[in-house]
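Enquirer: Structure: data29.txt, compact mmCIF, C-alpha atoms.
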```txt
# COMPACT_ATOMS: atom_id res chain seq x y z
CA MET W 1 -27.98 8.40 -5.45
CA PRO W 2 -27.42 4.84 -6.74
CA HIS W 3 -23.86 3.93 -7.58
CA ASN W 4 -22.73 2.22 -10.73
CA LEU W 5 -19.23 0.81 -10.24
CA SER W 6 -18.94 -0.89 -13.61
CA LYS W 7 -17.23 2.11 -15.24
CA THR W 8 -14.70 2.78 -12.49
CA ARG W 9 -11.21 1.92 -13.75
CA VAL W 10 -9.19 0.13 -11.09
CA LEU W 11 -5.52 -0.81 -11.22
CA VAL W 12 -4.04 -3.20 -8.67
CA ALA W 13 -0.24 -3.27 -8.64
CA GLU W 14 0.90 -6.06 -6.38
CA ASN W 15 3.45 -8.83 -6.92
CA GLY W 16 2.27 -11.15 -4.16
CA ILE W 17 -0.09 -13.86 -5.40
CA ILE W 18 -2.18 -14.12 -2.23
CA VAL W 19 -2.04 -10.43 -1.34
CA GLY W 20 -3.02 -9.48 -4.89
CA LYS W 21 -5.92 -11.94 -4.88
CA SER W 22 -7.05 -10.63 -1.51
CA VAL W 23 -7.19 -7.04 -2.79
CA VAL W 24 -8.72 -7.91 -6.17
CA GLY W 25 -11.25 -10.22 -4.49
CA ALA W 26 -12.31 -7.51 -2.04
CA LEU W 27 -12.65 -4.91 -4.84
CA ASP W 28 -14.60 -7.36 -6.98
CA ALA W 29 -16.90 -8.28 -4.08
CA PHE W 30 -17.53 -4.54 -3.54
CA GLY W 31 -18.82 -4.28 -7.10
CA PHE W 32 -15.93 -3.01 -9.23
CA THR W 33 -15.69 -4.90 -12.50
CA ASP W 34 -13.01 -3.07 -14.51
CA ILE W 35 -10.02 -4.26 -12.49
CA GLU W 36 -6.62 -4.63 -14.08
CA ARG W 37 -3.80 -6.28 -12.22
CA VAL W 38 -0.05 -5.82 -12.77
CA GLY W 39 2.90 -7.22 -10.87
CA THR W 40 5.58 -4.50 -10.94
CA ALA W 41 5.88 -0.77 -10.35
CA ALA W 42 7.18 -0.33 -13.90
CA GLU W 43 4.08 -2.01 -15.37
CA ALA W 44 1.88 0.15 -13.15
CA ARG W 45 3.69 3.28 -14.35
CA ALA W 46 3.16 2.22 -17.97
CA ARG W 47 -0.57 1.59 -17.37
CA LEU W 48 -1.01 4.93 -15.61
CA THR W 49 0.88 7.04 -18.12
CA GLY W 50 -1.40 9.24 -20.19
CA ARG W 51 -4.53 7.41 -19.08
CA ARG W 52 -7.24 8.04 -16.53
CA VAL W 53 -7.42 5.44 -13.77
CA ASP W 54 -9.85 6.14 -10.93
CA LEU W 55 -8.62 3.88 -8.17
CA VAL W 56 -5.10 2.56 -7.70
CA ALA W 57 -4.13 -0.07 -5.13
CA LEU W 58 -0.37 -0.25 -4.98
CA ASN W 59 2.18 -2.33 -3.08
CA ALA W 60 4.10 0.04 -0.82
CA ASP W 61 7.17 -2.23 -0.81
CA PHE W 62 7.78 -2.41 -4.55
CA ASP W 63 11.49 -2.55 -5.41
CA GLY W 64 12.77 -0.49 -2.51
CA GLY W 65 10.36 2.43 -2.49
CA ALA W 66 9.23 2.41 -6.11
CA GLY W 67 5.59 2.39 -4.93
CA ALA W 68 5.97 5.67 -3.04
CA ASP W 69 7.89 7.20 -5.97
CA LEU W 70 5.07 6.23 -8.29
CA VAL W 71 2.47 7.88 -6.05
CA ARG W 72 4.52 11.09 -6.02
CA ALA W 73 4.83 10.93 -9.81
CA ILE W 74 1.04 10.60 -10.11
CA ARG W 75 0.36 13.49 -7.74
CA ASN W 76 3.03 15.68 -9.39
CA CYS W 77 1.38 15.03 -12.76
CA GLU W 78 4.58 13.54 -14.13
CA LEU W 79 2.63 10.78 -15.89
CA HIS W 80 0.59 13.26 -17.95
CA ALA W 81 -2.62 11.79 -16.59
CA ASP W 82 -5.20 12.62 -13.95
CA PRO W 83 -3.24 13.34 -10.74
CA PHE W 84 -6.23 12.64 -8.50
CA PRO W 85 -6.93 8.89 -8.54
CA VAL W 86 -7.85 7.52 -5.14
CA ILE W 87 -4.67 5.70 -4.13
CA LEU W 88 -4.53 2.89 -1.60
CA MET W 89 -1.10 1.77 -0.46
CA ILE W 90 -0.97 -1.94 0.34
CA VAL W 91 1.27 -2.61 3.33
CA THR W 92 2.01 -6.16 4.40
CA ARG W 93 4.54 -5.37 7.13
CA PRO W 94 3.17 -2.39 8.96
CA ASP W 95 6.26 -1.11 10.75
CA GLU W 96 6.57 2.58 11.51
CA ALA W 97 9.04 3.38 8.72
CA ARG W 98 6.89 1.71 6.04
CA ILE W 99 3.70 3.38 7.23
CA LYS W 100 5.41 6.79 7.33
CA ALA W 101 6.89 6.36 3.85
CA ALA W 102 3.49 5.31 2.49
CA LEU W 103 1.70 8.21 4.16
CA HIS W 104 4.27 10.73 3.02
CA SER W 105 3.93 9.67 -0.62
CA GLY W 106 0.50 11.27 -1.03
CA ALA W 107 -1.66 8.14 -0.95
CA ASP W 108 -5.25 8.46 0.23
CA ASP W 109 -5.19 5.45 2.49
CA ILE W 110 -3.09 2.62 3.83
CA VAL W 111 -4.47 -0.89 3.57
CA VAL W 112 -2.71 -3.26 5.93
CA VAL W 113 -2.91 -6.85 4.69
CA PRO W 114 -4.44 -9.08 5.93
CA PHE W 115 -7.72 -7.24 6.30
CA THR W 116 -11.34 -8.21 6.77
CA ARG W 117 -13.57 -7.57 3.78
CA GLU W 118 -16.05 -5.75 6.01
CA SER W 119 -13.45 -3.16 7.02
CA PHE W 120 -12.20 -2.80 3.42
CA HIS W 121 -15.73 -2.32 2.11
CA GLU W 122 -16.52 0.24 4.78
CA ARG W 123 -13.55 2.28 3.61
CA MET W 124 -14.50 1.94 -0.04
CA ALA W 125 -18.01 3.09 0.80
CA LEU W 126 -16.47 6.25 2.27
CA TYR W 127 -14.63 6.98 -0.98
CA LEU W 128 -17.90 6.76 -2.84
CA GLU W 129 -19.11 9.69 -0.77
CA ASP W 130 -16.14 11.85 0.00
CA ARG W 131 -12.39 12.27 0.12
CA LYS W 132 -10.05 14.35 2.25
CA PRO W 133 -8.97 17.75 0.95
CA PHE W 134 -5.40 17.96 -0.31
CA ILE W 135 -2.58 20.01 1.07
CA VAL W 136 0.53 21.12 -0.77
CA THR W 137 4.01 21.71 0.56
CA HIS W 138 7.31 21.92 -1.31
CA ASP W 139 7.70 18.13 -0.98
CA TYR W 140 4.17 16.79 -0.57
CA ILE W 141 0.94 16.79 -2.51
CA GLY W 142 -1.82 14.67 -1.06
CA PRO W 143 -4.60 14.35 1.47
CA ASP W 144 -4.35 16.25 4.70
CA ARG W 145 -3.83 13.56 7.27
CA ARG W 146 -3.62 15.68 10.38
CA ALA W 147 -6.62 16.08 12.62
CA ALA W 148 -5.10 19.39 13.81
CA PRO W 149 -1.91 21.32 13.02
CA ARG W 150 1.10 20.62 15.20
CA PRO W 151 1.50 23.09 18.10
CA GLY W 152 3.06 26.31 16.83
CA GLU W 153 2.46 25.44 13.18
CA ALA W 154 -0.03 27.09 10.91
CA SER W 155 -2.34 24.63 9.20
CA ALA W 156 -1.67 24.24 5.49
CA ALA W 157 -4.34 25.52 3.14
CA HIS W 158 -6.88 22.91 2.09
CA HIS W 159 -7.60 22.31 -1.58
CA MET W 160 -10.70 20.46 -2.63
CA VAL W 161 -9.90 17.94 -5.35
CA PRO W 162 -12.26 15.89 -7.49
CA ASN W 163 -13.01 12.31 -6.54
CA PRO W 164 -12.86 10.11 -9.66
CA VAL W 165 -14.33 7.07 -7.87
CA ARG W 166 -17.42 9.02 -6.91
CA SER W 167 -17.50 10.80 -10.25
CA ARG W 168 -17.70 7.51 -12.17
CA ALA W 169 -20.10 5.95 -9.69
CA VAL W 170 -22.65 8.74 -10.05
CA GLY W 171 -22.25 8.93 -13.83
CA GLN W 172 -20.58 12.35 -14.09
CA SER W 173 -19.48 13.06 -17.66
CA GLU W 174 -15.83 12.66 -18.64
CA GLU W 175 -15.69 16.32 -19.72
CA ARG W 176 -17.06 17.60 -16.45
CA TYR W 177 -14.62 15.52 -14.45
CA ALA W 178 -11.71 16.62 -16.66
CA ALA W 179 -12.63 20.28 -16.19
CA ALA W 180 -12.79 19.86 -12.40
CA ALA W 181 -9.48 17.98 -12.37
CA GLN W 182 -7.81 20.64 -14.52
CA ALA W 183 -9.01 23.46 -12.29
CA ALA W 184 -7.87 21.65 -9.15
CA HIS W 185 -4.51 20.87 -10.76
CA ARG W 186 -3.97 24.55 -11.60
CA LYS W 187 -4.64 25.55 -8.00
CA LEU W 188 -2.32 22.87 -6.64
CA THR W 189 0.43 23.87 -9.06
CA ALA W 190 0.17 27.50 -7.96
CA ALA W 191 0.28 26.43 -4.31
CA ARG W 192 3.29 24.21 -4.94
CA THR W 193 5.13 26.95 -6.81
CA SER W 194 4.56 29.29 -3.91
CA SER W 195 5.66 26.62 -1.46
CA LEU W 196 8.86 25.94 -3.44
CA ALA W 197 9.58 29.68 -3.58
CA LYS W 198 9.28 29.89 0.21
CA ALA W 199 11.51 26.84 0.66
CA VAL W 200 14.16 28.40 -1.63
CA GLN W 201 14.11 31.68 0.27
CA TRP W 202 14.34 29.87 3.59
CA GLU W 203 17.33 27.87 2.35
CA ILE W 204 19.13 30.95 1.01
CA ARG W 205 18.57 32.76 4.30
CA ALA W 206 20.08 29.80 6.12
CA ILE W 207 23.11 29.99 3.79
CA GLN W 208 23.31 33.74 4.38
CA ALA W 209 23.35 33.20 8.15
CA ALA W 210 26.05 30.55 7.79
CA VAL W 211 28.21 32.76 5.56
CA ASN W 212 27.91 35.72 7.94
CA SER W 213 28.75 33.53 10.91
CA SER W 214 32.28 32.66 11.96
CA VAL W 215 31.24 29.02 12.53
CA PRO W 216 31.59 26.90 9.38
CA ASP W 217 28.33 25.26 8.31
CA SER W 218 28.77 21.57 7.56
CA GLN W 219 25.37 21.63 5.89
CA LEU W 220 26.37 24.18 3.24
CA ALA W 221 26.84 21.63 0.44
CA LEU W 222 23.54 19.98 1.36
CA ARG W 223 21.74 23.33 1.30
CA VAL W 224 23.10 24.13 -2.17
CA ALA W 225 22.01 20.66 -3.33
CA ARG W 226 18.54 21.33 -1.93
CA LEU W 227 18.33 24.62 -3.82
CA ASP W 228 19.23 22.76 -6.99
CA GLN W 229 16.54 20.17 -6.27
CA PHE W 230 13.91 22.84 -5.61
CA ALA W 231 14.82 24.50 -8.91
CA GLU W 232 14.48 21.16 -10.68
CA GLU W 233 11.05 20.60 -9.12
CA MET W 234 10.01 24.11 -10.07
CA ILE W 235 10.96 23.40 -13.69
CA ASP W 236 9.01 20.12 -13.54
CA CYS W 237 5.82 21.68 -12.27
CA SER W 238 6.05 24.86 -14.31
CA GLU W 239 3.88 25.02 -17.39
CA GLY W 240 5.36 28.30 -18.60
CA ASP W 241 8.81 29.69 -19.32
CA SER W 242 11.48 28.25 -17.00
CA THR W 243 14.41 30.25 -18.35
CA GLN W 244 14.92 32.23 -15.14
CA VAL W 245 14.77 29.13 -12.96
CA ARG W 246 17.29 27.42 -15.23
CA GLY W 247 19.48 30.51 -14.92
CA PHE W 248 19.28 30.26 -11.13
CA GLN W 249 20.17 26.57 -11.35
CA ALA W 250 23.17 27.39 -13.56
CA ALA W 251 24.32 30.00 -11.03
CA LEU W 252 24.45 27.24 -8.38
CA ILE W 253 26.82 25.01 -10.36
CA PRO W 254 30.16 26.43 -9.05
CA TYR W 255 28.95 26.19 -5.45
CA ARG W 256 27.75 22.60 -5.72
CA ARG W 257 31.36 21.47 -5.78
CA ARG W 258 32.88 24.28 -3.73
CA PRO W 259 30.24 25.71 -1.38
CA GLU W 260 32.97 27.47 0.63
CA GLN W 261 33.26 29.95 -2.28
CA LEU W 262 29.92 31.42 -1.21
CA GLY W 263 30.48 34.81 0.35
CA PRO W 264 27.98 37.52 1.36
CA ALA W 265 28.00 39.08 -2.14
CA GLU W 266 27.44 35.74 -3.88
CA VAL W 267 24.55 34.86 -1.53
CA ALA W 268 22.95 38.27 -2.08
CA ALA W 269 23.17 37.74 -5.84
CA LEU W 270 21.60 34.29 -5.50
CA MET W 271 18.78 35.73 -3.41
CA MET W 272 18.02 38.37 -6.05
CA GLN W 273 18.08 35.77 -8.80
CA ALA W 274 15.82 33.46 -6.78
CA GLN W 275 13.32 36.23 -6.10
CA ALA W 276 13.03 36.90 -9.81
CA ALA W 277 12.97 33.22 -10.83
CA PHE W 278 10.52 32.01 -8.18
CA ALA W 279 8.19 35.00 -8.21
CA ALA W 280 4.54 34.08 -8.38
CA PRO W 281 3.30 34.15 -11.98
CA MET V 1 -7.52 -25.68 24.38
CA GLU V 2 -9.99 -22.95 23.41
CA ARG V 3 -10.55 -23.10 19.67
CA ASN V 4 -13.53 -20.81 19.27
CA GLY V 5 -12.93 -18.25 16.50
CA LEU V 6 -10.07 -20.24 14.98
CA ARG V 7 -10.27 -20.27 11.18
CA VAL V 8 -9.13 -23.43 9.42
CA LEU V 9 -8.78 -24.03 5.69
CA VAL V 10 -9.25 -27.66 4.60
CA VAL V 11 -7.71 -28.50 1.22
CA GLU V 12 -8.79 -31.95 0.09
CA ASP V 13 -10.00 -33.11 -3.31
CA ASP V 14 -12.02 -36.11 -2.16
CA PRO V 15 -15.44 -34.83 -1.03
CA TYR V 16 -15.96 -37.70 1.40
CA SER V 17 -12.58 -37.18 3.10
CA ARG V 18 -13.20 -33.42 3.16
CA ARG V 19 -16.55 -33.86 4.90
CA LEU V 20 -14.91 -36.19 7.39
CA ILE V 21 -12.16 -33.68 8.20
CA VAL V 22 -14.70 -30.88 8.57
CA ARG V 23 -16.77 -33.04 10.93
CA MET V 24 -13.66 -33.85 12.99
CA LEU V 25 -12.79 -30.16 13.24
CA ARG V 26 -16.33 -29.29 14.34
CA ASN V 27 -16.15 -32.02 16.96
CA VAL V 28 -13.10 -30.36 18.51
CA GLY V 29 -14.75 -26.92 18.63
CA ILE V 30 -13.64 -25.37 15.33
CA THR V 31 -16.55 -23.82 13.46
CA GLU V 32 -14.96 -21.36 11.02
CA ILE V 33 -13.92 -23.74 8.28
CA ASP V 34 -13.25 -23.09 4.58
CA GLU V 35 -13.18 -25.98 2.15
CA ALA V 36 -11.13 -26.17 -1.04
CA GLY V 37 -10.89 -29.02 -3.53
CA ASP V 38 -7.39 -28.12 -4.77
CA GLY V 39 -4.50 -25.68 -4.37
CA CYS V 40 -5.96 -23.05 -6.72
CA THR V 41 -9.20 -22.74 -4.76
CA ALA V 42 -7.16 -22.85 -1.57
CA ILE V 43 -5.25 -19.72 -2.66
CA GLU V 44 -8.51 -17.90 -3.36
CA LEU V 45 -9.95 -18.83 0.03
CA TYR V 46 -6.69 -18.11 1.86
CA ALA V 47 -6.67 -14.60 0.35
CA LYS V 48 -10.29 -14.07 1.33
CA ASP V 49 -10.51 -15.42 4.86
CA TRP V 50 -6.90 -15.63 6.10
CA PRO V 51 -7.02 -18.94 7.99
CA HIS V 52 -4.99 -19.52 11.14
CA VAL V 53 -4.21 -23.11 10.13
CA VAL V 54 -4.31 -25.05 6.84
CA VAL V 55 -5.02 -28.78 6.75
CA CYS V 56 -3.89 -29.98 3.33
CA ASP V 57 -3.77 -33.10 1.18
CA VAL V 58 -0.80 -33.71 -1.14
CA ASP V 59 -2.17 -35.11 -4.38
CA MET V 60 -4.74 -32.83 -6.04
CA GLN V 61 -5.46 -31.44 -9.50
CA PRO V 62 -4.81 -28.93 -11.02
CA MET V 63 -2.68 -27.74 -8.10
CA GLY V 64 -1.44 -30.08 -5.41
CA GLY V 65 -0.71 -29.44 -1.76
CA ILE V 66 3.06 -29.10 -2.12
CA GLU V 67 2.71 -26.52 -4.91
CA PHE V 68 0.18 -24.60 -2.82
CA PHE V 69 2.57 -24.73 0.13
CA GLU V 70 5.41 -23.39 -2.05
CA ILE V 71 3.26 -20.40 -3.04
CA LEU V 72 2.44 -19.80 0.60
CA LEU V 73 6.12 -19.92 1.53
CA ASN V 74 6.96 -17.43 -1.23
CA GLU V 75 4.32 -15.08 0.15
CA ARG V 76 6.05 -15.22 3.51
CA GLN V 77 8.70 -12.90 2.06
CA SER V 78 6.17 -10.10 1.82
CA LEU V 79 3.69 -11.08 4.53
CA GLY V 80 6.27 -11.97 7.16
CA ARG V 81 4.24 -14.89 8.46
CA VAL V 82 1.81 -17.36 6.96
CA ALA V 83 -0.52 -19.92 8.49
CA PRO V 84 1.04 -23.24 9.55
CA VAL V 85 0.27 -26.08 7.16
CA ILE V 86 -0.55 -29.56 8.42
CA PHE V 87 -0.42 -32.21 5.71
CA LEU V 88 -3.09 -34.88 6.11
CA THR V 89 -2.63 -37.50 3.45
CA SER V 90 -2.50 -41.17 2.62
CA HIS V 91 0.97 -40.75 1.08
CA ALA V 92 3.31 -42.64 3.35
CA GLU V 93 6.36 -42.29 1.07
CA SER V 94 9.34 -41.18 3.08
CA ASP V 95 10.62 -38.84 0.33
CA ILE V 96 7.36 -36.82 0.34
CA ILE V 97 7.34 -36.68 4.13
CA ALA V 98 10.98 -35.57 4.11
CA GLN V 99 10.29 -32.96 1.42
CA VAL V 100 7.41 -31.24 3.23
CA ARG V 101 9.27 -31.38 6.55
CA ARG V 102 12.28 -29.76 4.88
CA MET V 103 10.01 -27.09 3.42
CA GLY V 104 8.76 -26.24 6.89
CA ALA V 105 5.35 -27.92 7.18
CA ALA V 106 4.01 -27.78 10.71
CA SER V 107 3.08 -31.44 10.71
CA TYR V 108 2.46 -34.53 8.59
CA LEU V 109 -0.41 -36.85 9.50
CA LEU V 110 -1.32 -40.07 7.79
CA LYS V 111 -4.95 -40.95 7.02
CA PRO V 112 -6.98 -42.12 8.75
CA ALA V 113 -6.29 -39.72 11.60
CA SER V 114 -8.49 -39.23 14.66
CA ALA V 115 -10.09 -35.92 15.58
CA ALA V 116 -7.97 -35.87 18.73
CA ALA V 117 -4.75 -36.35 16.75
CA LEU V 118 -5.67 -33.60 14.32
CA ALA V 119 -6.64 -31.23 17.14
CA LYS V 120 -3.37 -31.95 18.91
CA ARG V 121 -1.37 -31.10 15.77
CA ILE V 122 -3.35 -27.86 15.33
CA ASP V 123 -2.74 -26.86 18.94
CA LEU V 124 0.96 -27.69 18.64
CA ALA V 125 1.32 -25.74 15.39
CA LEU V 126 -0.29 -22.65 16.91
CA ALA V 127 1.70 -23.00 20.13
CA SER V 128 5.00 -23.22 18.26
CA GLN V 129 4.36 -20.77 15.42
CA GLY V 130 1.90 -18.39 17.06
CA ASP V 131 -1.00 -16.53 15.52
CA PRO V 132 0.06 -15.57 11.96
CA TYR V 133 -2.08 -12.42 12.18
CA SER V 134 -1.00 -11.28 15.59
CA GLY V 135 -1.33 -7.51 15.84
CA THR V 136 -3.89 -7.27 13.04
CA PRO V 137 -7.72 -7.18 13.16
CA LEU V 138 -7.65 -10.79 11.97
CA ALA V 139 -5.74 -12.05 14.99
CA TRP V 140 -7.40 -14.98 16.64
CA GLY V 141 -7.47 -13.35 20.09
CA THR V 142 -8.98 -10.14 18.69
CA ARG V 143 -11.70 -12.06 16.98
CA ARG V 144 -12.49 -14.09 20.09
CA ALA V 145 -12.60 -10.97 22.26
CA ALA V 146 -14.87 -9.26 19.76
CA GLN V 147 -17.15 -12.26 19.64
CA SER V 148 -17.36 -12.59 23.40
CA ASN V 149 -18.17 -8.88 23.68
CA ASN V 150 -20.79 -9.41 21.01
CA SER V 151 -19.38 -6.40 19.19
CA ARG V 152 -18.66 -5.89 15.52
CA VAL V 153 -15.36 -7.18 14.19
CA MET V 154 -13.35 -4.59 12.28
```
Write out the structure in this file as structure tokens.
Expert:
Amino acid sequence: MPHNLSKTRVLVAENGIIVGKSVVGALDAFGFTDIERVGTAAEARARLTGRRVDLVALNADFDGGAGADLVRAIRNCELHADPFPVILMIVTRPDEARIKAALHSGADDIVVVPFTRESFHERMALYLEDRKPFIVTHDYIGPDRRAAPRPGEASAAHHMVPNPVRSRAVGQSEERYAAAAQAAHRKLTAARTSSLAKAVQWEIRAIQAAVNSSVPDSQLALRVARLDQFAEEMIDCSEGDSTQVRGFQAALIPYRRRPEQLGPAEVAALMMQAQAAFAAP
Amino acid sequence: MERNGLRVLVVEDDPYSRRLIVRMLRNVGITEIDEAGDGCTAIELYAKDWPHVVVCDVDMQPMGGIEFFEILLNERQSLGRVAPVIFLTSHAESDIIAQVRRMGAASYLLKPASAAALAKRIDLALASQGDPYSGTPLAWGTRRAAQSNNSRVM
């Protein structure tokens, strides 16, 4: 099928003059015409809020990790816009920590600058045809990057998500894309809710083991903080009533400052409250 | 010195001088040459082809060589390394020479320069600063190896 790239909305967020020109030039040479360029993560966030953008190329090093935070916000639907744009993270210093942070944000691909246009165009051609299925864990929504699960680990369930770059290129209607995106988003939200519920139960069991043990757990405060964070994320991704989750969060307050007050009875009560609050809808 | 596969960006507003520089570079074995008539075009071409070395004039409109060099140096913060810049100009003023040296230019050559002198400065710049794209698919060695194997460059 012939591709028409003139309707694909592209946002390039990059503060470097030469790096930005390199990315914009390569996208333009590939055939994209609707390319907007911004220079900060805040501007990118503003442009992405409440608006469909199909392809985002984003500096991974923005203001100490703001690029990765923005990708997570897109994937978590915090910007009230399509959570499935194809996202390329632009990395200019490809050390291990930067690559890992970029990969763990939920981006589709890492573009190490400088690059050859041939290699960039080959990758773009792939996105016109296909994209990797997404996986969801309690702290990650994005493409499955593993060729195979780690030994001893079950592979996470794959979720097919729509590809807005392809959708625009083949002339799919806005309504049809929106319906596909909405359906995929519902499935991902359900998977994330379930994943958060499992993470909460795992954390409470760890607290239970620590409380029943004679050895003090130096991680107790951290575990309570994690429970609070999971509850917060559950509230963020919940589209329904969050009263019970908020109740669970309120029950954690005394133990955030004094985790040593947690005894077997208190942990059992938390577990019951968590089971009710994080039950699958 | 082997110069096959080396990419050089020539930034010179005078077409005659530019042709002369390009011819000199070809005579010393450099075939991958981009030509820009000012700093603005130089930025575009730098971002497209990522040269290993830049040979640059000083006085150009709308953007001169020193301004272009400043932009390149600012990019070093994010890129880590940028291509060495050799200024080739008829400006013999000591304050300009001192300024670009202070900024970190690889070399400053006065026109007219011979092909041998220019080649020597290029070799010295690469020997002292190394390949700016070392470890990437655009590294000079990678490109040469790919070319000699007659395989596709990624």
Enquirer: Which chain W residues are at most 6 Å from chain V (counting only C-alpha atoms), as a ChimeraX atom specification?
Expert: /W:18,21-22,92,119
Enquirer: Please enclose the listed atoms of range 157-173 of chain W in an axis-aligned box, pad each side by 5 Å, and write out the centre and the three edge lengths in Å, rounded to one decimal, as lines of an AutoDock Vina configuration file.
Expert:
```
center_x = -13.5
center_y = 15.7
center_z = -7.3
size_x = 28.3
size_y = 29.6
size_z = 30.8
```
Enquirer: Fewer than 2 positions away in the same chain doesn't count, so skip those; otherwise give me all residues within 7 Å of Tyr108 in chain V, counting all atoms listed in the file, as a VMD selection string.
Expert: chain V and resid 86 to 88 97 110
Enquirer: How far is it from CA of Glu175 in chain W to CA of Asp34 in chain W, in Å with one decimal?
Expert: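 Taking CA of Glu175 in chain W as the start and CA of Asp34 in chain W as the end point, the length is 20.3 Å.
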Enquirer: W:Leu220, W:Leu27, W:Val53, W:Val200: which is nearest Ala276 in chain W, counting only C-alpha atoms?
Expert: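 That would be W:Val200, the residue with the smallest distance to Ala276 in chain W.
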Enquirer: For range 2-16 of chain V, work out the shell of residues within 9 Å, counting only C-alpha atoms and skipping chain neighbours fewer than 3 positions away, then give it as a PyMOL selection string.
Expert: chain V and resi 19-22+25+28-39+41-42+45-46+49-61+65+88-89+123+140-141+143-144+147
Enquirer: So that I can see what lies close to Gln273 in chain W, please list as number ranges by chain the residues with an atom at most 10 Å from it, counting all atoms listed in the file and leaving out residues fewer than 2 positions away in the same chain.
Expert: W: 244-245, 247-249, 251, 267-271, 275-279
Enquirer: Under the rule that all atoms listed in the file are counted, which of W:Leu11, W:His104, W:Ile17, W:His185 is the nearest residue to Cys40 in chain V?
Expert: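 For Cys40 in chain V, the nearest of the given residues is W:Ile17.
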Enquirer: With all atoms listed in the file as the basis for distance, which of W:Ala26, W:Ala101, W:Ala68, W:Ala178 is at the shortest distance from Ala81 in chain W?
Expert: W:Ala178
Enquirer: May I ask for the distance between CA of Ala73 in chain W and CA of Ser105 in chain W, given in Å to one decimal place?
Expert: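 A separation of 9.3 Å between them.
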Enquirer: Between CA of Ile87 in chain W and CA of Thr8 in chain W, what distance in Å does the model show, to one decimal?
Expert: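 Separation between CA of Ile87 in chain W and CA of Thr8 in chain W: 13.4 Å.
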Enquirer: I'd like the neighbourhood of Ala66 in chain W as a PyMOL selection string, where a residue qualifies if any of its atoms comes within 12 Å (using all atoms listed in the file), though same-chain residues fewer than 3 positions away should be ignored.
Expert: chain W and resi 13-14+40-45+58-63+69-73+89+101-102+105
Enquirer: When you look at Pro85 in chain W with a cut-off of 8 Å (counting only C-alpha atoms), what residues show up, excluding the ones that are within fewer than 2 positions of it in the same chain? I need them as a ChimeraX atom specification.
Expert: /W:53-56,82-83,87,163-165
Enquirer: Quick one: of V:Met1, V:Arg18, V:Met24, V:Val85, who's nearest to Ala116 in chain V, counting all atoms listed in the file?
Expert: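 The shortest atom-to-atom distance to Ala116 in chain V comes from V:Met24.
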Enquirer: For a quick check of understanding, using only C-alpha atoms, which of V:Gly64, V:Arg26, V:Ala92, V:Glu70 has the smallest distance to Pro112 in chain V?
Expert: V:Ala92
Enquirer: Restricting the calculation to only C-alpha atoms, which member of W:Ala57, W:Met272, W:Asp241, W:Arg51 is positioned closest to Val10 in chain W?
Expert: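 The answer is W:Ala57, which sits nearest to Val10 in chain W.
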Enquirer: Restricted to N, CA and C atoms, what does range 7-17 of chain W look like when written out as a PDB file, in the first residue's frame?
Expert:
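What landed in selection-v2.pdb:
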```pdb
ATOM      1  N   LYS W   7       0.438  13.646   6.477  1.00  0.00           N
ATOM      2  CA  LYS W   7      -0.508  13.895   7.581  1.00  0.00           C
ATOM      3  C   LYS W   7       0.036  13.431   8.930  1.00  0.00           C
ATOM      4  N   THR W   8       1.179  12.789   8.916  1.00  0.00           N
ATOM      5  CA  THR W   8       1.754  12.291  10.171  1.00  0.00           C
ATOM      6  C   THR W   8       2.288  13.471  10.983  1.00  0.00           C
ATOM      7  N   ARG W   9       1.790  13.583  12.231  1.00  0.00           N
ATOM      8  CA  ARG W   9       2.262  14.690  13.075  1.00  0.00           C
ATOM      9  C   ARG W   9       3.512  14.255  13.832  1.00  0.00           C
ATOM     10  N   VAL W  10       4.584  15.028  13.647  1.00  0.00           N
ATOM     11  CA  VAL W  10       5.868  14.678  14.263  1.00  0.00           C
ATOM     12  C   VAL W  10       6.297  15.804  15.192  1.00  0.00           C
ATOM     13  N   LEU W  11       6.757  15.427  16.370  1.00  0.00           N
ATOM     14  CA  LEU W  11       7.303  16.423  17.299  1.00  0.00           C
ATOM     15  C   LEU W  11       8.745  16.033  17.608  1.00  0.00           C
ATOM     16  N   VAL W  12       9.651  16.969  17.406  1.00  0.00           N
ATOM     17  CA  VAL W  12      11.062  16.747  17.757  1.00  0.00           C
ATOM     18  C   VAL W  12      11.373  17.656  18.939  1.00  0.00           C
ATOM     19  N   ALA W  13      11.762  17.053  20.052  1.00  0.00           N
ATOM     20  CA  ALA W  13      12.107  17.828  21.247  1.00  0.00           C
ATOM     21  C   ALA W  13      13.593  17.642  21.509  1.00  0.00           C
ATOM     22  N   GLU W  14      14.348  18.638  21.156  1.00  0.00           N
ATOM     23  CA  GLU W  14      15.813  18.525  21.236  1.00  0.00           C
ATOM     24  C   GLU W  14      16.385  19.929  21.370  1.00  0.00           C
ATOM     25  N   ASN W  15      17.268  20.136  22.351  1.00  0.00           N
ATOM     26  CA  ASN W  15      17.803  21.485  22.549  1.00  0.00           C
ATOM     27  C   ASN W  15      19.089  21.740  21.770  1.00  0.00           C
ATOM     28  N   GLY W  16      19.742  20.693  21.315  1.00  0.00           N
ATOM     29  CA  GLY W  16      20.981  20.872  20.564  1.00  0.00           C
ATOM     30  C   GLY W  16      20.683  21.334  19.146  1.00  0.00           C
ATOM     31  N   ILE W  17      21.411  22.356  18.692  1.00  0.00           N
ATOM     32  CA  ILE W  17      21.147  22.903  17.354  1.00  0.00           C
ATOM     33  C   ILE W  17      21.479  21.853  16.289  1.00  0.00           C
TER      34      ILE W  17
END
```
